[in-house]
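Novice: Handing over query.tsv, TSV, C-alpha atoms.
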chain	number	residue	atom	x	y	z
A	129	MET	CA	79.45	-42.51	-3.78
A	130	THR	CA	79.47	-43.64	-0.14
A	131	THR	CA	81.55	-46.58	1.05
A	132	LEU	CA	78.41	-48.71	1.41
A	133	ASP	CA	77.22	-47.74	-2.07
A	134	ALA	CA	80.61	-48.71	-3.48
A	135	VAL	CA	80.50	-52.13	-1.81
A	136	VAL	CA	76.98	-52.81	-3.06
A	137	ALA	CA	77.91	-51.68	-6.57
A	138	SER	CA	80.96	-53.94	-6.60
A	139	LYS	CA	78.85	-56.86	-5.33
A	140	GLU	CA	76.30	-56.40	-8.07
A	141	THR	CA	78.98	-56.70	-10.75
A	142	ALA	CA	80.76	-59.71	-9.22
A	143	ASP	CA	79.13	-62.27	-11.49
A	144	ARG	CA	82.29	-64.23	-12.15
A	145	ARG	CA	85.13	-63.39	-9.74
A	146	PRO	CA	86.42	-60.51	-7.57
A	147	THR	CA	88.65	-57.89	-9.17
A	148	ALA	CA	92.37	-58.07	-8.34
A	149	TRP	CA	91.96	-55.25	-5.80
A	150	GLN	CA	88.95	-56.91	-4.16
A	151	ALA	CA	90.82	-60.21	-3.97
A	152	PHE	CA	93.83	-58.47	-2.40
A	153	ARG	CA	91.61	-56.72	0.18
A	154	SER	CA	89.89	-60.01	0.99
A	155	ALA	CA	93.23	-61.79	1.53
A	156	LEU	CA	94.56	-59.19	3.97
A	157	PRO	CA	93.08	-60.87	7.09
A	158	TYR	CA	95.26	-63.92	6.37
A	159	GLU	CA	98.40	-61.83	6.74
A	160	SER	CA	97.77	-61.25	10.46
A	161	PHE	CA	97.81	-64.09	12.94
A	162	PRO	CA	94.62	-64.08	15.04
A	163	ALA	CA	94.59	-64.63	18.78
A	164	SER	CA	93.84	-68.18	19.86
A	165	PRO	CA	90.34	-69.17	20.98
A	166	ARG	CA	89.87	-68.78	24.74
A	167	ARG	CA	88.12	-72.02	25.58
A	168	GLY	CA	89.62	-74.59	23.29
A	169	THR	CA	92.69	-75.52	21.28
A	170	VAL	CA	93.50	-75.55	17.57
A	171	VAL	CA	95.61	-78.53	16.47
A	172	ALA	CA	96.88	-80.01	13.22
A	173	ASP	CA	96.68	-83.69	12.28
A	174	ASP	CA	96.68	-86.13	9.39
A	175	ALA	CA	93.84	-88.53	8.66
A	176	GLY	CA	95.93	-90.74	6.41
A	177	GLY	CA	95.85	-89.02	3.06
A	178	ILE	CA	94.34	-85.71	4.08
A	179	ARG	CA	95.68	-83.12	6.50
A	180	TYR	CA	93.39	-80.97	8.59
A	181	TRP	CA	93.16	-78.40	11.37
A	182	ALA	CA	90.78	-78.98	14.28
A	183	TYR	CA	89.30	-76.84	17.02
A	184	ILE	CA	88.68	-78.89	20.16
A	185	PRO	CA	86.53	-77.10	22.78
A	186	GLU	CA	87.28	-77.59	26.46
A	187	GLU	CA	83.85	-79.18	26.77
A	188	ALA	CA	85.09	-82.11	24.65
A	189	LYS	CA	86.97	-83.40	27.73
A	190	ARG	CA	83.66	-83.98	29.50
A	191	ARG	CA	81.18	-85.15	26.89
A	192	PRO	CA	80.75	-85.89	23.17
A	193	LEU	CA	79.99	-82.86	20.99
A	194	PRO	CA	78.52	-82.16	17.56
A	195	VAL	CA	81.01	-81.70	14.73
A	196	LEU	CA	81.27	-79.06	12.00
A	197	TYR	CA	83.31	-79.67	8.84
A	198	HIS	CA	84.60	-76.49	7.17
A	199	LEU	CA	85.90	-76.42	3.57
A	200	HIS	CA	88.29	-73.61	2.64
A	201	GLY	CA	88.38	-71.47	-0.49
A	202	ALA	CA	90.52	-71.72	-3.61
A	203	GLY	CA	94.25	-71.03	-3.51
A	204	VAL	CA	94.47	-71.19	0.29
A	205	ARG	CA	97.73	-72.12	1.99
A	206	TRP	CA	98.01	-74.72	4.74
A	207	THR	CA	98.61	-72.12	7.45
A	208	TRP	CA	95.65	-70.07	6.25
A	209	VAL	CA	93.31	-72.94	7.08
A	210	ARG	CA	94.35	-72.54	10.71
A	211	ARG	CA	93.17	-68.94	10.55
A	212	ASP	CA	89.82	-70.08	9.15
A	213	VAL	CA	89.39	-72.46	12.08
A	214	THR	CA	90.44	-69.82	14.59
A	215	TRP	CA	87.93	-67.25	13.27
A	216	ILE	CA	85.14	-69.83	13.31
A	217	ALA	CA	86.07	-70.98	16.84
A	218	GLN	CA	86.21	-67.43	18.20
A	219	GLN	CA	82.72	-66.67	16.92
A	220	GLN	CA	81.43	-70.00	18.17
A	221	GLU	CA	82.72	-69.26	21.66
A	222	LEU	CA	80.87	-65.93	21.67
A	223	ALA	CA	77.70	-67.65	20.46
A	224	VAL	CA	77.95	-70.35	23.12
A	225	GLU	CA	78.33	-67.67	25.80
A	226	ALA	CA	75.37	-65.68	24.44
A	227	THR	CA	73.02	-68.66	24.19
A	228	GLN	CA	74.37	-71.01	26.89
A	229	GLY	CA	74.55	-73.52	24.08
A	230	VAL	CA	76.68	-76.51	23.17
A	231	PRO	CA	80.06	-76.00	21.43
A	232	MET	CA	81.10	-77.96	18.37
A	233	VAL	CA	84.32	-79.62	17.30
A	234	VAL	CA	85.45	-77.89	14.08
A	235	ILE	CA	87.34	-79.90	11.44
A	236	ALA	CA	88.89	-78.12	8.43
A	237	PRO	CA	90.53	-80.38	5.82
A	238	TYR	CA	93.20	-79.04	3.47
A	239	ASP	CA	93.02	-79.36	-0.31
A	240	PRO	CA	96.66	-79.49	-1.51
A	241	THR	CA	95.57	-79.04	-5.13
A	242	HIS	CA	94.07	-75.66	-4.09
A	243	PHE	CA	91.43	-75.76	-6.85
A	244	SER	CA	89.62	-79.12	-6.68
A	245	MET	CA	86.17	-77.59	-6.05
A	246	TRP	CA	86.14	-80.31	-3.35
A	247	ALA	CA	85.37	-82.88	-6.05
A	248	ASP	CA	87.12	-86.05	-7.20
A	249	ASP	CA	88.90	-85.23	-10.45
A	250	VAL	CA	88.07	-86.97	-13.71
A	251	ARG	CA	91.55	-88.52	-14.10
A	252	GLY	CA	91.61	-90.11	-10.67
A	253	SER	CA	94.76	-88.25	-9.61
A	254	HIS	CA	93.11	-86.86	-6.47
A	255	SER	CA	89.94	-87.95	-4.68
A	256	THR	CA	89.25	-84.92	-2.53
A	257	ALA	CA	85.55	-85.59	-1.97
A	258	HIS	CA	86.15	-89.22	-1.04
A	259	LEU	CA	88.85	-88.23	1.42
A	260	VAL	CA	86.52	-85.77	3.15
A	261	THR	CA	83.34	-87.84	3.27
A	262	GLU	CA	84.89	-91.22	3.99
A	263	VAL	CA	88.51	-91.14	5.19
A	264	LEU	CA	88.41	-87.95	7.27
A	265	ARG	CA	84.96	-88.56	8.73
A	266	ARG	CA	85.87	-92.03	9.98
A	267	HIS	CA	89.15	-90.75	11.37
A	268	VAL	CA	87.39	-87.94	13.26
A	269	GLU	CA	84.78	-90.29	14.72
A	270	SER	CA	87.46	-92.69	15.93
A	271	THR	CA	89.87	-90.00	17.20
A	272	TYR	CA	87.62	-87.45	18.91
A	273	ASP	CA	84.65	-87.79	21.23
A	274	VAL	CA	82.02	-86.50	18.81
A	275	LEU	CA	78.35	-87.25	18.45
A	276	ARG	CA	77.66	-89.37	15.40
A	277	GLY	CA	74.87	-89.25	12.88
A	278	ARG	CA	73.64	-86.59	10.47
A	279	ALA	CA	71.68	-84.73	13.14
A	280	ASN	CA	74.94	-83.84	14.88
A	281	THR	CA	77.12	-83.35	11.81
A	282	HIS	CA	77.29	-80.10	9.84
A	283	ILE	CA	79.21	-79.03	6.74
A	284	GLN	CA	80.00	-75.51	5.57
A	285	GLY	CA	82.46	-73.75	3.28
A	286	PHE	CA	83.79	-70.42	2.08
A	287	SER	CA	83.99	-69.47	-1.62
A	288	MET	CA	85.08	-72.68	-3.42
A	289	GLY	CA	84.33	-74.40	-0.12
A	290	GLY	CA	80.72	-73.21	-0.32
A	291	PHE	CA	80.42	-74.94	-3.69
A	292	GLY	CA	81.90	-78.09	-2.16
A	293	ALA	CA	79.83	-77.96	1.03
A	294	ALA	CA	76.59	-77.66	-0.94
A	295	THR	CA	77.54	-80.54	-3.22
A	296	LEU	CA	78.74	-82.89	-0.48
A	297	GLY	CA	75.99	-81.91	1.95
A	298	LEU	CA	73.23	-82.57	-0.57
A	299	LYS	CA	74.92	-85.57	-2.18
A	300	HIS	CA	75.42	-87.21	1.23
A	301	GLN	CA	72.28	-86.31	3.13
A	302	ASP	CA	72.80	-89.43	5.24
A	303	LEU	CA	76.02	-87.87	6.62
A	304	TYR	CA	75.32	-84.14	7.04
A	305	GLY	CA	72.33	-82.47	8.66
A	306	THR	CA	72.89	-78.87	7.49
A	307	VAL	CA	74.81	-76.97	4.81
A	308	GLY	CA	76.48	-73.57	5.30
A	309	ILE	CA	77.65	-71.39	2.39
A	310	PHE	CA	79.80	-68.32	3.05
A	311	ASP	CA	79.98	-66.16	-0.08
A	312	GLY	CA	80.05	-69.31	-2.15
A	313	ALA	CA	81.53	-69.54	-5.63
A	314	MET	CA	78.30	-71.19	-6.77
A	315	HIS	CA	79.27	-71.88	-10.35
A	316	ASP	CA	77.15	-73.61	-12.92
A	317	TRP	CA	78.81	-75.08	-16.01
A	318	SER	CA	78.45	-71.87	-17.99
A	319	THR	CA	80.09	-69.59	-15.41
A	320	PHE	CA	82.75	-72.17	-14.56
A	321	THR	CA	83.89	-72.70	-18.15
A	322	GLU	CA	83.83	-68.96	-18.81
A	323	GLY	CA	85.75	-68.02	-15.68
A	324	HIS	CA	87.99	-71.09	-15.27
A	325	PRO	CA	88.39	-72.91	-18.61
A	326	THR	CA	91.66	-74.59	-17.61
A	327	LEU	CA	90.18	-75.96	-14.39
A	328	ALA	CA	87.08	-77.10	-16.26
A	329	ALA	CA	89.33	-79.15	-18.54
A	330	GLU	CA	91.65	-80.49	-15.84
A	331	GLN	CA	89.13	-81.21	-13.10
A	332	PHE	CA	86.08	-82.24	-15.12
A	333	GLY	CA	87.57	-83.21	-18.50
A	334	GLY	CA	85.74	-80.35	-20.17
A	335	ASP	CA	82.60	-82.46	-19.90
A	336	PRO	CA	79.37	-80.92	-18.53
A	337	ASP	CA	78.11	-84.39	-17.58
A	338	VAL	CA	81.16	-84.95	-15.37
A	339	PHE	CA	80.68	-81.50	-13.83
A	340	ALA	CA	77.05	-82.41	-13.09
A	341	ARG	CA	78.24	-85.22	-10.82
A	342	TRP	CA	79.74	-82.55	-8.56
A	343	SER	CA	77.41	-79.63	-9.20
A	344	PRO	CA	75.51	-78.12	-6.25
A	345	TRP	CA	72.83	-77.09	-8.74
A	346	ALA	CA	72.34	-80.68	-9.90
A	347	TRP	CA	72.41	-82.11	-6.39
A	348	ALA	CA	69.80	-79.61	-5.25
A	349	ARG	CA	67.48	-81.09	-7.88
A	350	ARG	CA	68.27	-84.66	-6.77
A	351	ALA	CA	68.14	-84.12	-3.01
A	352	ASP	CA	65.28	-84.12	-0.54
A	353	LEU	CA	65.59	-80.47	0.41
A	354	SER	CA	62.99	-80.78	3.15
A	355	CYS	CA	65.50	-82.55	5.40
A	356	THR	CA	68.65	-80.43	4.81
A	357	PRO	CA	68.32	-76.74	5.71
A	358	VAL	CA	70.84	-74.38	4.09
A	359	PHE	CA	72.40	-71.20	5.50
A	360	ILE	CA	73.87	-68.70	3.02
A	361	ALA	CA	75.87	-65.59	3.94
A	362	GLU	CA	76.25	-63.17	1.05
A	363	GLY	CA	79.42	-61.15	0.70
A	364	LEU	CA	80.99	-59.89	-2.50
A	365	MET	CA	79.67	-62.76	-4.63
A	366	ALA	CA	76.10	-61.48	-4.44
A	367	ASN	CA	74.74	-62.75	-7.73
A	368	PHE	CA	76.22	-66.24	-7.35
A	369	ASN	CA	74.62	-66.64	-3.94
A	370	ARG	CA	71.28	-65.04	-4.77
A	371	ARG	CA	70.88	-67.21	-7.84
A	372	TYR	CA	71.62	-70.35	-5.83
A	373	ARG	CA	69.26	-69.23	-3.05
A	374	ASP	CA	66.48	-68.75	-5.60
A	375	HIS	CA	67.31	-72.15	-7.14
A	376	LEU	CA	66.93	-73.86	-3.76
A	377	ARG	CA	63.76	-72.01	-2.83
A	378	GLY	CA	62.27	-72.76	-6.24
A	379	LEU	CA	62.77	-76.44	-5.42
A	380	GLY	CA	61.12	-76.04	-2.02
A	381	GLY	CA	64.35	-75.77	-0.03
A	382	ASP	CA	64.62	-74.36	3.48
A	383	VAL	CA	67.12	-71.48	3.11
A	384	GLU	CA	68.22	-68.92	5.69
A	385	TYR	CA	69.84	-66.04	3.79
A	386	VAL	CA	71.88	-63.24	5.36
A	387	ILE	CA	73.14	-60.21	3.39
A	388	THR	CA	76.35	-58.63	4.67
A	389	ASN	CA	78.33	-55.66	3.39
A	390	ARG	CA	81.58	-57.62	3.37
A	391	LEU	CA	83.99	-58.26	0.57
A	392	HIS	CA	85.09	-61.85	-0.09
A	393	ASP	CA	86.33	-62.14	3.49
A	394	LEU	CA	85.67	-65.13	5.77
A	395	ARG	CA	86.77	-63.29	8.91
A	396	GLY	CA	84.27	-60.50	8.31
A	397	LEU	CA	81.52	-62.90	7.29
A	398	GLN	CA	82.07	-64.88	10.48
A	399	ARG	CA	81.93	-61.74	12.59
A	400	ASP	CA	78.66	-60.67	10.98
A	401	THR	CA	76.92	-64.05	11.04
A	402	GLY	CA	78.63	-66.11	13.76
A	403	LEU	CA	75.68	-66.03	16.15
A	404	ALA	CA	73.10	-66.53	13.40
A	405	VAL	CA	74.79	-69.57	11.86
A	406	TYR	CA	75.44	-71.09	15.29
A	407	GLN	CA	71.73	-70.77	16.16
A	408	PHE	CA	70.81	-72.14	12.72
A	409	MET	CA	72.80	-75.33	13.37
A	410	ALA	CA	71.60	-75.66	16.97
A	411	SER	CA	67.97	-75.28	15.86
A	412	ALA	CA	68.42	-77.97	13.20
A	413	ARG	CA	69.81	-80.37	15.82
A	414	ALA	CA	66.98	-79.62	18.23
A	415	ALA	CA	64.38	-80.21	15.55
A	416	ARG	CA	65.70	-83.74	14.98
A	417	ARG	CA	65.60	-84.86	18.60
A	418	PRO	CA	63.28	-87.85	19.13
In structure tokens, write the structure found in this file.
Specialist:
Amino acid sequence: MTTLDAVVASKETADRRPTAWQAFRSALPYESFPASPRRGTVVADDAGGIRYWAYIPEEAKRRPLPVLYHLHGAGVRWTWVRRDVTWIAQQQELAVEATQGVPMVVIAPYDPTHFSMWADDVRGSHSTAHLVTEVLRRHVESTYDVLRGRANTHIQGFSMGGFGAATLGLKHQDLYGTVGIFDGAMHDWSTFTEGHPTLAAEQFGGDPDVFARWSPWAWARRADLSCTPVFIAEGLMANFNRRYRDHLRGLGGDVEYVITNRLHDLRGLQRDTGLAVYQFMASARAARRP
């Protein structure tokens, strides 16, 4: 079996979660510290209840810019979120150079629970979604010179973050103009309870109706998909992402879908799709100009 055949075969069987070896391979990029972006700075800050890393392009000194919110995957450490932002920023800089386009401020909040699915939990012990959509957003708009409004505001996520980005982006269509999913852990109630029964009990009280309040599948049915285009990059979690793509398209959604030969690896996914996702967001902004 060739290397490519092996990757495809492993993707086709990744219905629930990566194997231990695949997860280890996917985590390796986080063990090396990437070079800093060339035309901007990565900084850490606190929005009053939620910490985050931000990439501020040099262009932000001269004019307001669009903003991209990035949600990290499960089990990620605080310092790893900085690597996420750096990889995204590096690919954005290349895309800006290639297209003579407009850079974006990148904001990546940190989930200290590590496994919230970017939802508010049923017990009220942590309100992750509220902190992102309300507290962090208002802080960013008052702290940085960013363009406001959904046309200039994007949300994306990796793995668990893809689940969260789809939910928050479709739940709050008044806030976010596009949704990006990078090898998303696009669970429905069946796969979530089978793969993560403890989390299902702790986060959602073991109740499918509570899960539905935060389900990207449910919010796709409730949303007006004609006004929120979705970009999906497939890595290891092929079946999760293909099923969600088909769900969106079956509801009339506008989905741009890119198949990569990556494992569950944000750095690799960014390298393969950085230009495509940048152009996807830029095109969505252009389409909404008066």
Novice: With all atoms listed in the file as the counted atoms, please give the residues lying no more than 12 Å from A:Ser255, apart from itself and same-chain residues fewer than 6 positions off, as a list of chain:residue names.
Specialist: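 Within the cut-off, the hits are A:Gly177, A:Ile178, A:Asp239, A:Pro240, A:Thr241, A:Ser244, A:Met245, A:Trp246, A:Ala247, A:Asp248, A:Asp249, A:Thr261, A:Glu262, A:Val263, A:Gln331.
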Novice: Point out the residue among A:Ala361, A:Ala236, A:Leu391, A:Ala410 with the least atom-to-atom distance to A:Val268, counting all atoms listed in the file.
Specialist: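 The answer is A:Ala236, which sits nearest to A:Val268.
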Novice: Report, in Å to a single decimal, how far apart atom CA of A:Tyr158 and atom CA of A:Gly323 are.
Specialist: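 Result for atom CA of A:Gly323 versus atom CA of A:Tyr158: 24.4 Å, one decimal.
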Novice: Write out as a ChimeraX atom specification which residues come within 12 Å of A:Ile360 when counting only C-alpha atoms, dropping same-chain ones fewer than 3 positions away.
Specialist: /A:284-287,290-291,293-294,306-314,357,363,365-366,368-374,376,382-388,397-398,401,404-405,408
Novice: Neighbouring residues of A:Val170 were defined as those with any atom within 10 Å, considering only C-alpha atoms; residues of the same chain fewer than 5 positions away were excluded. Please report them as a list in words.
Specialist: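 The residues satisfying every condition are Ser164, Pro165, Trp181, Ala182, Tyr183, Ile184, Pro185, Arg210, Arg211, Val213, Thr214, Ala217, Val234 and Ile235 of chain A.
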Novice: Name the closest residue to A:Leu303 among the candidates A:Ala328, A:Ala348, A:Val195, A:Leu222; distances are taken between atoms, counting all atoms listed in the file.
Specialist: A:Val195
Novice: So which one's closest to A:Val260, A:Ala175, A:Leu298, A:Val233, A:Val224? Using all atoms listed in the file, please.
Specialist: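 Ranking A:Ala175, A:Leu298, A:Val233, A:Val224 by distance to A:Val260, first place goes to A:Ala175.
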Novice: With distances taken over all atoms listed in the file, which of A:Arg395, A:Ala226, A:Gly333, A:Leu264 is nearest to A:Trp208?
Specialist: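 Answer, going by the shortest atom-to-atom distance: A:Arg395.
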Novice: Quote the spacing between atom CA of A:Gly381 and atom CA of A:Cys355 in Å to one decimal place.
Specialist: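 Computing the Euclidean distance for atom CA of A:Gly381 and atom CA of A:Cys355 yields 8.8 Å.
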Novice: Which value, in Å to one decimal, gives the distance between atom CA of A:Arg278 and atom CA of A:Phe339?
Specialist: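 It comes out at 25.8 Å.
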Novice: What would stretch 209-235 of chain A look like with N, CA, C and O atoms in place, written as a PDB file, keeping the file's coordinate frame?
Specialist:
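Result written to out_34.pdb:
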ATOM      1  N   VAL A 209      94.440 -72.146   6.596  1.00  0.00           N
ATOM      2  CA  VAL A 209      93.310 -72.940   7.080  1.00  0.00           C
ATOM      3  C   VAL A 209      93.213 -72.839   8.599  1.00  0.00           C
ATOM      4  O   VAL A 209      92.118 -72.834   9.165  1.00  0.00           O
ATOM      5  N   ARG A 210      94.366 -72.729   9.261  1.00  0.00           N
ATOM      6  CA  ARG A 210      94.350 -72.540  10.710  1.00  0.00           C
ATOM      7  C   ARG A 210      93.640 -71.240  11.078  1.00  0.00           C
ATOM      8  O   ARG A 210      92.895 -71.184  12.061  1.00  0.00           O
ATOM      9  N   ARG A 211      93.849 -70.196  10.292  1.00  0.00           N
ATOM     10  CA  ARG A 211      93.170 -68.940  10.550  1.00  0.00           C
ATOM     11  C   ARG A 211      91.658 -69.092  10.366  1.00  0.00           C
ATOM     12  O   ARG A 211      90.871 -68.561  11.163  1.00  0.00           O
ATOM     13  N   ASP A 212      91.245 -69.811   9.326  1.00  0.00           N
ATOM     14  CA  ASP A 212      89.820 -70.080   9.150  1.00  0.00           C
ATOM     15  C   ASP A 212      89.224 -70.701  10.408  1.00  0.00           C
ATOM     16  O   ASP A 212      88.178 -70.272  10.907  1.00  0.00           O
ATOM     17  N   VAL A 213      89.894 -71.744  10.903  1.00  0.00           N
ATOM     18  CA  VAL A 213      89.390 -72.460  12.080  1.00  0.00           C
ATOM     19  C   VAL A 213      89.358 -71.540  13.289  1.00  0.00           C
ATOM     20  O   VAL A 213      88.397 -71.561  14.080  1.00  0.00           O
ATOM     21  N   THR A 214      90.378 -70.720  13.445  1.00  0.00           N
ATOM     22  CA  THR A 214      90.440 -69.820  14.590  1.00  0.00           C
ATOM     23  C   THR A 214      89.302 -68.802  14.556  1.00  0.00           C
ATOM     24  O   THR A 214      88.646 -68.551  15.569  1.00  0.00           O
ATOM     25  N   TRP A 215      89.034 -68.210  13.385  1.00  0.00           N
ATOM     26  CA  TRP A 215      87.930 -67.250  13.270  1.00  0.00           C
ATOM     27  C   TRP A 215      86.597 -67.907  13.579  1.00  0.00           C
ATOM     28  O   TRP A 215      85.752 -67.334  14.271  1.00  0.00           O
ATOM     29  N   ILE A 216      86.389 -69.111  13.055  1.00  0.00           N
ATOM     30  CA  ILE A 216      85.140 -69.830  13.310  1.00  0.00           C
ATOM     31  C   ILE A 216      85.004 -70.139  14.803  1.00  0.00           C
ATOM     32  O   ILE A 216      83.944 -69.932  15.407  1.00  0.00           O
ATOM     33  N   ALA A 217      86.101 -70.613  15.416  1.00  0.00           N
ATOM     34  CA  ALA A 217      86.070 -70.980  16.840  1.00  0.00           C
ATOM     35  C   ALA A 217      85.801 -69.764  17.720  1.00  0.00           C
ATOM     36  O   ALA A 217      85.036 -69.842  18.693  1.00  0.00           O
ATOM     37  N   GLN A 218      86.424 -68.633  17.395  1.00  0.00           N
ATOM     38  CA  GLN A 218      86.210 -67.430  18.200  1.00  0.00           C
ATOM     39  C   GLN A 218      84.745 -67.007  18.186  1.00  0.00           C
ATOM     40  O   GLN A 218      84.170 -66.651  19.225  1.00  0.00           O
ATOM     41  N   GLN A 219      84.122 -67.051  17.013  1.00  0.00           N
ATOM     42  CA  GLN A 219      82.720 -66.670  16.920  1.00  0.00           C
ATOM     43  C   GLN A 219      81.813 -67.709  17.584  1.00  0.00           C
ATOM     44  O   GLN A 219      80.793 -67.377  18.184  1.00  0.00           O
ATOM     45  N   GLN A 220      82.201 -68.974  17.497  1.00  0.00           N
ATOM     46  CA  GLN A 220      81.430 -70.000  18.170  1.00  0.00           C
ATOM     47  C   GLN A 220      81.452 -69.802  19.687  1.00  0.00           C
ATOM     48  O   GLN A 220      80.416 -69.930  20.353  1.00  0.00           O
ATOM     49  N   GLU A 221      82.624 -69.462  20.224  1.00  0.00           N
ATOM     50  CA  GLU A 221      82.720 -69.260  21.660  1.00  0.00           C
ATOM     51  C   GLU A 221      81.818 -68.114  22.119  1.00  0.00           C
ATOM     52  O   GLU A 221      81.152 -68.203  23.154  1.00  0.00           O
ATOM     53  N   LEU A 222      81.766 -67.046  21.335  1.00  0.00           N
ATOM     54  CA  LEU A 222      80.870 -65.930  21.670  1.00  0.00           C
ATOM     55  C   LEU A 222      79.409 -66.363  21.601  1.00  0.00           C
ATOM     56  O   LEU A 222      78.593 -65.983  22.452  1.00  0.00           O
ATOM     57  N   ALA A 223      79.079 -67.180  20.596  1.00  0.00           N
ATOM     58  CA  ALA A 223      77.700 -67.650  20.460  1.00  0.00           C
ATOM     59  C   ALA A 223      77.304 -68.578  21.596  1.00  0.00           C
ATOM     60  O   ALA A 223      76.179 -68.513  22.097  1.00  0.00           O
ATOM     61  N   VAL A 224      78.224 -69.440  22.007  1.00  0.00           N
ATOM     62  CA  VAL A 224      77.950 -70.350  23.120  1.00  0.00           C
ATOM     63  C   VAL A 224      77.698 -69.552  24.396  1.00  0.00           C
ATOM     64  O   VAL A 224      76.778 -69.842  25.168  1.00  0.00           O
ATOM     65  N   GLU A 225      78.514 -68.522  24.620  1.00  0.00           N
ATOM     66  CA  GLU A 225      78.330 -67.670  25.800  1.00  0.00           C
ATOM     67  C   GLU A 225      76.976 -66.950  25.750  1.00  0.00           C
ATOM     68  O   GLU A 225      76.269 -66.846  26.757  1.00  0.00           O
ATOM     69  N   ALA A 226      76.601 -66.468  24.574  1.00  0.00           N
ATOM     70  CA  ALA A 226      75.370 -65.680  24.440  1.00  0.00           C
ATOM     71  C   ALA A 226      74.122 -66.534  24.600  1.00  0.00           C
ATOM     72  O   ALA A 226      73.081 -66.052  25.062  1.00  0.00           O
ATOM     73  N   THR A 227      74.204 -67.808  24.210  1.00  0.00           N
ATOM     74  CA  THR A 227      73.020 -68.660  24.190  1.00  0.00           C
ATOM     75  C   THR A 227      73.044 -69.763  25.240  1.00  0.00           C
ATOM     76  O   THR A 227      72.063 -70.490  25.382  1.00  0.00           O
ATOM     77  N   GLN A 228      74.192 -69.878  25.966  1.00  0.00           N
ATOM     78  CA  GLN A 228      74.370 -71.010  26.890  1.00  0.00           C
ATOM     79  C   GLN A 228      74.199 -72.330  26.145  1.00  0.00           C
ATOM     80  O   GLN A 228      73.633 -73.292  26.670  1.00  0.00           O
ATOM     81  N   GLY A 229      74.725 -72.353  24.935  1.00  0.00           N
ATOM     82  CA  GLY A 229      74.550 -73.520  24.080  1.00  0.00           C
ATOM     83  C   GLY A 229      75.704 -74.500  24.161  1.00  0.00           C
ATOM     84  O   GLY A 229      76.581 -74.420  25.030  1.00  0.00           O
ATOM     85  N   VAL A 230      75.704 -75.425  23.221  1.00  0.00           N
ATOM     86  CA  VAL A 230      76.680 -76.510  23.170  1.00  0.00           C
ATOM     87  C   VAL A 230      77.730 -76.188  22.106  1.00  0.00           C
ATOM     88  O   VAL A 230      77.379 -75.884  20.965  1.00  0.00           O
ATOM     89  N   PRO A 231      79.020 -76.240  22.448  1.00  0.00           N
ATOM     90  CA  PRO A 231      80.060 -76.000  21.430  1.00  0.00           C
ATOM     91  C   PRO A 231      80.176 -77.175  20.464  1.00  0.00           C
ATOM     92  O   PRO A 231      79.651 -78.261  20.717  1.00  0.00           O
ATOM     93  N   MET A 232      80.873 -76.935  19.374  1.00  0.00           N
ATOM     94  CA  MET A 232      81.100 -77.960  18.370  1.00  0.00           C
ATOM     95  C   MET A 232      82.584 -78.146  18.123  1.00  0.00           C
ATOM     96  O   MET A 232      83.352 -77.173  18.167  1.00  0.00           O
ATOM     97  N   VAL A 233      82.989 -79.361  17.846  1.00  0.00           N
ATOM     98  CA  VAL A 233      84.320 -79.620  17.300  1.00  0.00           C
ATOM     99  C   VAL A 233      84.309 -79.117  15.854  1.00  0.00           C
ATOM    100  O   VAL A 233      83.346 -79.366  15.112  1.00  0.00           O
ATOM    101  N   VAL A 234      85.350 -78.401  15.443  1.00  0.00           N
ATOM    102  CA  VAL A 234      85.450 -77.890  14.080  1.00  0.00           C
ATOM    103  C   VAL A 234      86.603 -78.586  13.371  1.00  0.00           C
ATOM    104  O   VAL A 234      87.733 -78.590  13.877  1.00  0.00           O
ATOM    105  N   ILE A 235      86.338 -79.171  12.225  1.00  0.00           N
ATOM    106  CA  ILE A 235      87.340 -79.900  11.440  1.00  0.00           C
ATOM    107  C   ILE A 235      87.460 -79.235  10.076  1.00  0.00           C
ATOM    108  O   ILE A 235      86.464 -79.104   9.354  1.00  0.00           O
TER     109      ILE A 235
END
